[in-house]
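Working notes for the structure below.
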Amino acid sequence: MLDALAEELVLASNILGELAYDLGADETTLRRHMTSLQKIDQLTQSQLAIADVLRGIDDPDAAVAGVTLEEMADRIRAAMAGEPAPVVAAHVIRDCPGQIVG
């Protein structure tokens, strides 16, 4: 089950990456939405990291040690230790008023 979920995350990451590539190919879109495209890239990296952790669940500490996104690794370690997750600044997406993402 965990491997299947990991593969779904990889698939979703690939789809998002292709979307970002397509949007970034247009210079006007790239200039207007560079920050949003970078967030898509960060999301794809997060999904790939989660997929790797799911695949390495037999050794959670080693799996989390492989997470290269430092803030994400810190949040996972805190959760594993039963501690509150470090506070992450939320971002308001201009195109979706009221929607908060971390």
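Labels used: A, B, ... for chains in the order of the structure tokens, numbers from 1 for residues in each chain, and numbers from 1 for ligands as shown.
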Inset, instruction - List the neighbours of Ala20 of chain A out to 8 Å using only C-alpha atoms; skip same-chain residues closer than 6 positions along the sequence, and give me the result as a PyMOL selection string. - result: chain A and resi 37+40-41
Write a file of the just-selected residues containing all heavy atoms, as a PDB file, in the first residue's frame.
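Output below, filename again.pdb:
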ATOM      1  N   LEU A  37       5.186  29.618  -9.916  1.00  0.00           N
ATOM      2  CA  LEU A  37       5.845  28.482 -10.570  1.00  0.00           C
ATOM      3  C   LEU A  37       6.905  27.876  -9.651  1.00  0.00           C
ATOM      4  O   LEU A  37       7.080  26.661  -9.611  1.00  0.00           O
ATOM      5  CB  LEU A  37       6.453  28.913 -11.908  1.00  0.00           C
ATOM      6  CG  LEU A  37       5.427  29.264 -12.991  1.00  0.00           C
ATOM      7  CD1 LEU A  37       6.104  29.939 -14.168  1.00  0.00           C
ATOM      8  CD2 LEU A  37       4.675  28.023 -13.429  1.00  0.00           C
ATOM      9  N   ILE A  40       5.143  25.677  -7.248  1.00  0.00           N
ATOM     10  CA  ILE A  40       4.825  24.381  -7.855  1.00  0.00           C
ATOM     11  C   ILE A  40       6.040  23.476  -7.789  1.00  0.00           C
ATOM     12  O   ILE A  40       5.939  22.297  -7.442  1.00  0.00           O
ATOM     13  CB  ILE A  40       4.327  24.545  -9.310  1.00  0.00           C
ATOM     14  CG1 ILE A  40       2.957  25.207  -9.330  1.00  0.00           C
ATOM     15  CG2 ILE A  40       4.275  23.194 -10.017  1.00  0.00           C
ATOM     16  CD1 ILE A  40       2.469  25.573 -10.726  1.00  0.00           C
ATOM     17  N   ASP A  41       7.225  24.037  -8.074  1.00  0.00           N
ATOM     18  CA  ASP A  41       8.452  23.251  -7.992  1.00  0.00           C
ATOM     19  C   ASP A  41       8.685  22.751  -6.570  1.00  0.00           C
ATOM     20  O   ASP A  41       9.042  21.585  -6.361  1.00  0.00           O
ATOM     21  CB  ASP A  41       9.645  24.082  -8.469  1.00  0.00           C
ATOM     22  CG  ASP A  41      10.946  23.302  -8.394  1.00  0.00           C
ATOM     23  OD1 ASP A  41      11.030  22.231  -9.044  1.00  0.00           O
ATOM     24  OD2 ASP A  41      11.866  23.744  -7.691  1.00  0.00           O
TER      25      ASP A  41
END
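Neighbours of Ala85 of chain A closer than or equal to 8 Å, with only C-alpha atoms counted and sequence neighbours fewer than 5 positions away skipped, come out as Asp74, Arg75, Ile76, Ala78 and Ala79 of chain A.
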Inset, instruction - Pick out each residue of chain A that DSSP on the backbone tags as helix (DSSP H, G or I); I need them as a PyMOL selection string. - result: chain A and resi 2-24+27-32+34-55+60-65+70-80
Tell me which protein, DNA and RNA residues are within 12 Å of Ser46 of chain A, counting only C-alpha atoms, leaving out same-chain ones fewer than 6 positions away, and put them as a PDB file with N, CA and C atoms, in the first residue's frame.
ATOM      1  N   ALA A   6       3.226   5.985  -2.739  1.00  0.00           N
ATOM      2  CA  ALA A   6       4.446   6.673  -3.179  1.00  0.00           C
ATOM      3  C   ALA A   6       4.424   6.879  -4.688  1.00  0.00           C
ATOM      4  N   LEU A   9       2.145   9.685  -5.641  1.00  0.00           N
ATOM      5  CA  LEU A   9       2.768  10.985  -5.394  1.00  0.00           C
ATOM      6  C   LEU A   9       3.768  11.336  -6.494  1.00  0.00           C
ATOM      7  N   VAL A  10       4.517  10.356  -6.959  1.00  0.00           N
ATOM      8  CA  VAL A  10       5.463  10.587  -8.051  1.00  0.00           C
ATOM      9  C   VAL A  10       4.706  10.984  -9.317  1.00  0.00           C
ATOM     10  N   ALA A  12       1.714  12.403  -9.513  1.00  0.00           N
ATOM     11  CA  ALA A  12       1.183  13.759  -9.321  1.00  0.00           C
ATOM     12  C   ALA A  12       2.297  14.796  -9.459  1.00  0.00           C
ATOM     13  N   SER A  13       3.470  14.483  -8.956  1.00  0.00           N
ATOM     14  CA  SER A  13       4.610  15.385  -9.057  1.00  0.00           C
ATOM     15  C   SER A  13       5.014  15.587 -10.512  1.00  0.00           C
ATOM     16  N   LEU A  16       2.454  17.886 -12.174  1.00  0.00           N
ATOM     17  CA  LEU A  16       2.673  19.279 -11.782  1.00  0.00           C
ATOM     18  C   LEU A  16       3.922  19.854 -12.438  1.00  0.00           C
ATOM     19  N   LYS A  39       6.668  27.838  -6.436  1.00  0.00           N
ATOM     20  CA  LYS A  39       5.900  27.098  -5.426  1.00  0.00           C
ATOM     21  C   LYS A  39       5.480  25.731  -5.961  1.00  0.00           C
ATOM     22  N   ILE A  40       5.143  25.677  -7.248  1.00  0.00           N
ATOM     23  CA  ILE A  40       4.825  24.381  -7.855  1.00  0.00           C
ATOM     24  C   ILE A  40       6.040  23.476  -7.789  1.00  0.00           C
ATOM     25  N   ASP A  52       9.669   9.099  -1.154  1.00  0.00           N
ATOM     26  CA  ASP A  52      10.876   8.414  -0.673  1.00  0.00           C
ATOM     27  C   ASP A  52      10.732   7.966   0.780  1.00  0.00           C
ATOM     28  N   VAL A  53      10.109   8.804   1.613  1.00  0.00           N
ATOM     29  CA  VAL A  53       9.902   8.433   3.019  1.00  0.00           C
ATOM     30  C   VAL A  53       8.961   7.227   3.100  1.00  0.00           C
ATOM     31  N   VAL A  67      15.580  13.360   3.446  1.00  0.00           N
ATOM     32  CA  VAL A  67      14.745  14.482   2.986  1.00  0.00           C
ATOM     33  C   VAL A  67      15.633  15.715   2.881  1.00  0.00           C
ATOM     34  N   THR A  68      15.747  16.261   1.681  1.00  0.00           N
ATOM     35  CA  THR A  68      16.639  17.402   1.462  1.00  0.00           C
ATOM     36  C   THR A  68      15.968  18.750   1.715  1.00  0.00           C
ATOM     37  N   LEU A  69      14.656  18.763   1.869  1.00  0.00           N
ATOM     38  CA  LEU A  69      13.953  19.997   2.207  1.00  0.00           C
ATOM     39  C   LEU A  69      13.981  20.135   3.722  1.00  0.00           C
ATOM     40  N   GLU A  70      14.867  20.987   4.218  1.00  0.00           N
ATOM     41  CA  GLU A  70      15.154  21.067   5.652  1.00  0.00           C
ATOM     42  C   GLU A  70      13.921  21.343   6.510  1.00  0.00           C
ATOM     43  N   GLU A  71      13.085  22.303   6.115  1.00  0.00           N
ATOM     44  CA  GLU A  71      11.899  22.618   6.909  1.00  0.00           C
ATOM     45  C   GLU A  71      10.944  21.433   6.973  1.00  0.00           C
ATOM     46  N   MET A  72      10.814  20.737   5.864  1.00  0.00           N
ATOM     47  CA  MET A  72       9.946  19.564   5.826  1.00  0.00           C
ATOM     48  C   MET A  72      10.497  18.472   6.735  1.00  0.00           C
ATOM     49  N   ALA A  73      11.788  18.236   6.664  1.00  0.00           N
ATOM     50  CA  ALA A  73      12.415  17.220   7.516  1.00  0.00           C
ATOM     51  C   ALA A  73      12.227  17.577   8.988  1.00  0.00           C
ATOM     52  N   ILE A  76       8.671  16.735  10.009  1.00  0.00           N
ATOM     53  CA  ILE A  76       8.481  15.280  10.135  1.00  0.00           C
ATOM     54  C   ILE A  76       9.137  14.770  11.409  1.00  0.00           C
ATOM     55  N   GLY A 102       0.690  26.423   3.337  1.00  0.00           N
ATOM     56  CA  GLY A 102       1.917  26.558   4.131  1.00  0.00           C
ATOM     57  C   GLY A 102       3.117  26.193   3.361  1.00  0.00           C
TER      58      GLY A 102
END
Inset, instruction - Would you list the contacts of Ala51 of chain A as a ChimeraX atom specification, taking every protein, DNA or RNA residue within 12 Å and counting only C-alpha atoms, but skipping same-chain residues closer than 6 positions in sequence? - result: /A:1-13,44-45,57,63-64,66-67
Inset, instruction - Mind giving me the straight-line distance from atom CA of Arg55 of chain A to atom CA of Ser36 of chain A in Å, one decimal? - result: 28.8 Å
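For the pair atom CA of Leu43 of chain A and atom CA of Arg77 of chain A, the interatomic distance is 19.0 Å.
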Legend entry - Two-atom distance - atom CA of Leu30 of chain A, atom CA of Ala49 of chain A (Å): 25.6 Å
